[in-house]
Amino acid sequence: MTAPPDKRPPDVGVGPWAGEWPTDDRLDPELLREGDRRNVVDGYRYWLHDAIVADLDARRHEFHVAVENWGHDFNIGSVIRTANAFNAAAFHIVGKRRWNRRGAMVTDRYQHEHHHADAAALATWAHAEGLAVFGVDNLPGSVALETFDLPRACVLVFGQEGPGLSEPMRAHCEAVLHIEQFGSTRSINAGAAAAIAMHAWVRRHVFDQRP
């Protein structure tokens, strides 16, 4: 049964270009003709994919996001989508090369993806790049994220939903950070934890004026 017009969800994006044809070479002729229904902010409507990536590259932040992928966890896609929202330098998949992209909502196409076979490989890469590695998990001995001064150049590592960070990954982290909780649940969703951790970095290095 078709929903009445006033009950239908609004169309996402914009329809075909109306008016004088633009000359901006960042714009995609096909999208101008057909409309742009992609999951992008309005400022990127009608832009070519490569033009969007180039613009993001010019202002990416200095933190990286890594996710352990041992069981094709759906939450990986959510973490990657959030990495796009905060314009992380890149995201890293540790473990199995194939990961569950469904929750990413195609946002992975606008980012830079790296694969590492295991925790040691990620740590070796990070060390060569001058990046500190920090795990995010509520483990015994972990440090509160809220009071920890995250460095500008770092990798935030997240484990799978359920088991959390693997033992090998913990061994390669300079510190493991937890998010303070005040309710009865043992842990919060991995995708939500990743969003909180990334936002903590943004608050410290984008909005905080401390040297």
# chains A, B, ... in the order shown; residues from 1 in each chain; ligands from 1
call {"tool": "residues_around", "arguments": {"residues": "stretch 22-30 of chain A", "least_positions_apart": "2", "cutoff": "12 Å", "atoms": "only C-alpha atoms", "output": "compact mmCIF listing (two decimals) with N, CA and C atoms, in the first residue's frame"}}
result
# COMPACT_ATOMS: atom_id res chain seq x y z
N GLY A 15 17.60 17.02 -7.01
CA GLY A 15 17.25 16.53 -8.34
C GLY A 15 18.18 17.09 -9.40
N PRO A 16 17.81 16.93 -10.66
CA PRO A 16 18.64 17.45 -11.76
C PRO A 16 18.89 18.96 -11.62
N TRP A 17 20.03 19.39 -12.12
CA TRP A 17 20.40 20.81 -12.06
C TRP A 17 19.38 21.65 -12.83
N ALA A 18 18.96 22.75 -12.24
CA ALA A 18 18.03 23.67 -12.89
C ALA A 18 18.74 24.99 -13.14
N GLY A 19 18.59 25.54 -14.32
CA GLY A 19 19.20 26.83 -14.62
C GLY A 19 20.38 26.70 -15.56
N GLU A 20 21.17 27.77 -15.63
CA GLU A 20 22.32 27.79 -16.53
C GLU A 20 23.32 26.71 -16.14
N LEU A 32 24.63 16.09 -12.54
CA LEU A 32 23.91 17.32 -12.88
C LEU A 32 22.65 17.00 -13.68
N ARG A 33 22.75 16.02 -14.57
CA ARG A 33 21.61 15.64 -15.40
C ARG A 33 20.57 14.84 -14.61
N GLU A 34 21.06 13.89 -13.78
CA GLU A 34 20.17 12.93 -13.14
C GLU A 34 19.78 13.29 -11.71
N GLY A 35 20.55 14.15 -11.07
CA GLY A 35 20.32 14.44 -9.66
C GLY A 35 21.34 13.71 -8.80
N ASP A 36 21.50 14.17 -7.58
CA ASP A 36 22.51 13.60 -6.68
C ASP A 36 21.84 13.15 -5.39
N GLY A 43 27.26 20.62 0.65
CA GLY A 43 28.35 21.32 0.00
C GLY A 43 29.03 20.52 -1.10
N TYR A 44 28.83 19.20 -1.10
CA TYR A 44 29.43 18.33 -2.11
C TYR A 44 28.43 17.84 -3.15
N ARG A 45 27.24 18.41 -3.18
CA ARG A 45 26.26 17.98 -4.17
C ARG A 45 26.76 18.22 -5.58
N TYR A 46 26.60 17.22 -6.40
CA TYR A 46 26.99 17.20 -7.81
C TYR A 46 28.50 17.06 -8.03
N TRP A 47 29.29 17.04 -6.95
CA TRP A 47 30.74 16.94 -7.13
C TRP A 47 31.13 15.55 -7.62
N LEU A 48 32.19 15.48 -8.43
CA LEU A 48 32.80 14.21 -8.78
C LEU A 48 33.37 13.54 -7.53
N HIS A 49 33.36 12.21 -7.52
CA HIS A 49 33.89 11.47 -6.36
C HIS A 49 35.34 11.87 -6.08
N ASP A 50 36.18 11.89 -7.11
CA ASP A 50 37.59 12.22 -6.91
C ASP A 50 37.79 13.64 -6.41
N ALA A 51 36.92 14.54 -6.80
CA ALA A 51 37.01 15.92 -6.33
C ALA A 51 36.69 16.01 -4.85
N ILE A 52 35.73 15.22 -4.40
CA ILE A 52 35.39 15.19 -2.97
C ILE A 52 36.57 14.66 -2.17
N VAL A 53 37.14 13.56 -2.62
CA VAL A 53 38.28 12.96 -1.91
C VAL A 53 39.44 13.95 -1.85
N ALA A 54 39.72 14.64 -2.95
CA ALA A 54 40.82 15.60 -2.97
C ALA A 54 40.57 16.74 -1.99
N ASP A 55 39.34 17.19 -1.90
CA ASP A 55 39.02 18.28 -0.96
C ASP A 55 39.16 17.80 0.49
call {"tool": "closest_residue", "arguments": {"among": "A:His199, A:Arg204, A:Arg38, A:Arg170", "to": "A:Gly135", "atoms": "only C-alpha atoms"}}
result
A:Arg170
call {"tool": "closest_residue", "arguments": {"among": "A:Gly191, A:Gly95, A:Gly77, A:Gly103", "to": "A:Glu161", "atoms": "only C-alpha atoms"}}
result
A:Gly191
call {"tool": "residues_around", "arguments": {"residues": "A:Ala123", "least_positions_apart": "3", "cutoff": "10 Å", "atoms": "only C-alpha atoms", "output": "PyMOL selection string"}}
result
chain A and resi 116+118-120+126-129+131-133+155+169+171-173
call {"tool": "decode", "arguments": {"residues": "stretch 15-36 of chain A", "atoms": "C-alpha atoms", "output": "PDB file, in the first residue's frame"}}
result
ATOM      1  CA  GLY A  15      17.248  16.526  -8.339  1.00  0.00           C
ATOM      2  CA  PRO A  16      18.637  17.451 -11.755  1.00  0.00           C
ATOM      3  CA  TRP A  17      20.396  20.814 -12.059  1.00  0.00           C
ATOM      4  CA  ALA A  18      18.028  23.672 -12.894  1.00  0.00           C
ATOM      5  CA  GLY A  19      19.202  26.827 -14.620  1.00  0.00           C
ATOM      6  CA  GLU A  20      22.316  27.791 -16.527  1.00  0.00           C
ATOM      7  CA  TRP A  21      24.747  24.896 -16.905  1.00  0.00           C
ATOM      8  CA  PRO A  22      27.693  25.323 -14.473  1.00  0.00           C
ATOM      9  CA  THR A  23      31.315  25.340 -15.645  1.00  0.00           C
ATOM     10  CA  ASP A  24      32.948  24.128 -12.406  1.00  0.00           C
ATOM     11  CA  ASP A  25      35.167  21.169 -13.394  1.00  0.00           C
ATOM     12  CA  ARG A  26      34.625  19.568  -9.977  1.00  0.00           C
ATOM     13  CA  LEU A  27      31.014  18.807 -10.921  1.00  0.00           C
ATOM     14  CA  ASP A  28      29.864  15.520 -12.441  1.00  0.00           C
ATOM     15  CA  PRO A  29      27.841  15.973 -15.682  1.00  0.00           C
ATOM     16  CA  GLU A  30      25.866  12.791 -15.023  1.00  0.00           C
ATOM     17  CA  LEU A  31      24.858  13.902 -11.525  1.00  0.00           C
ATOM     18  CA  LEU A  32      23.908  17.321 -12.883  1.00  0.00           C
ATOM     19  CA  ARG A  33      21.609  15.637 -15.398  1.00  0.00           C
ATOM     20  CA  GLU A  34      20.167  12.932 -13.143  1.00  0.00           C
ATOM     21  CA  GLY A  35      20.318  14.443  -9.659  1.00  0.00           C
ATOM     22  CA  ASP A  36      22.510  13.602  -6.678  1.00  0.00           C
TER      23      ASP A  36
END
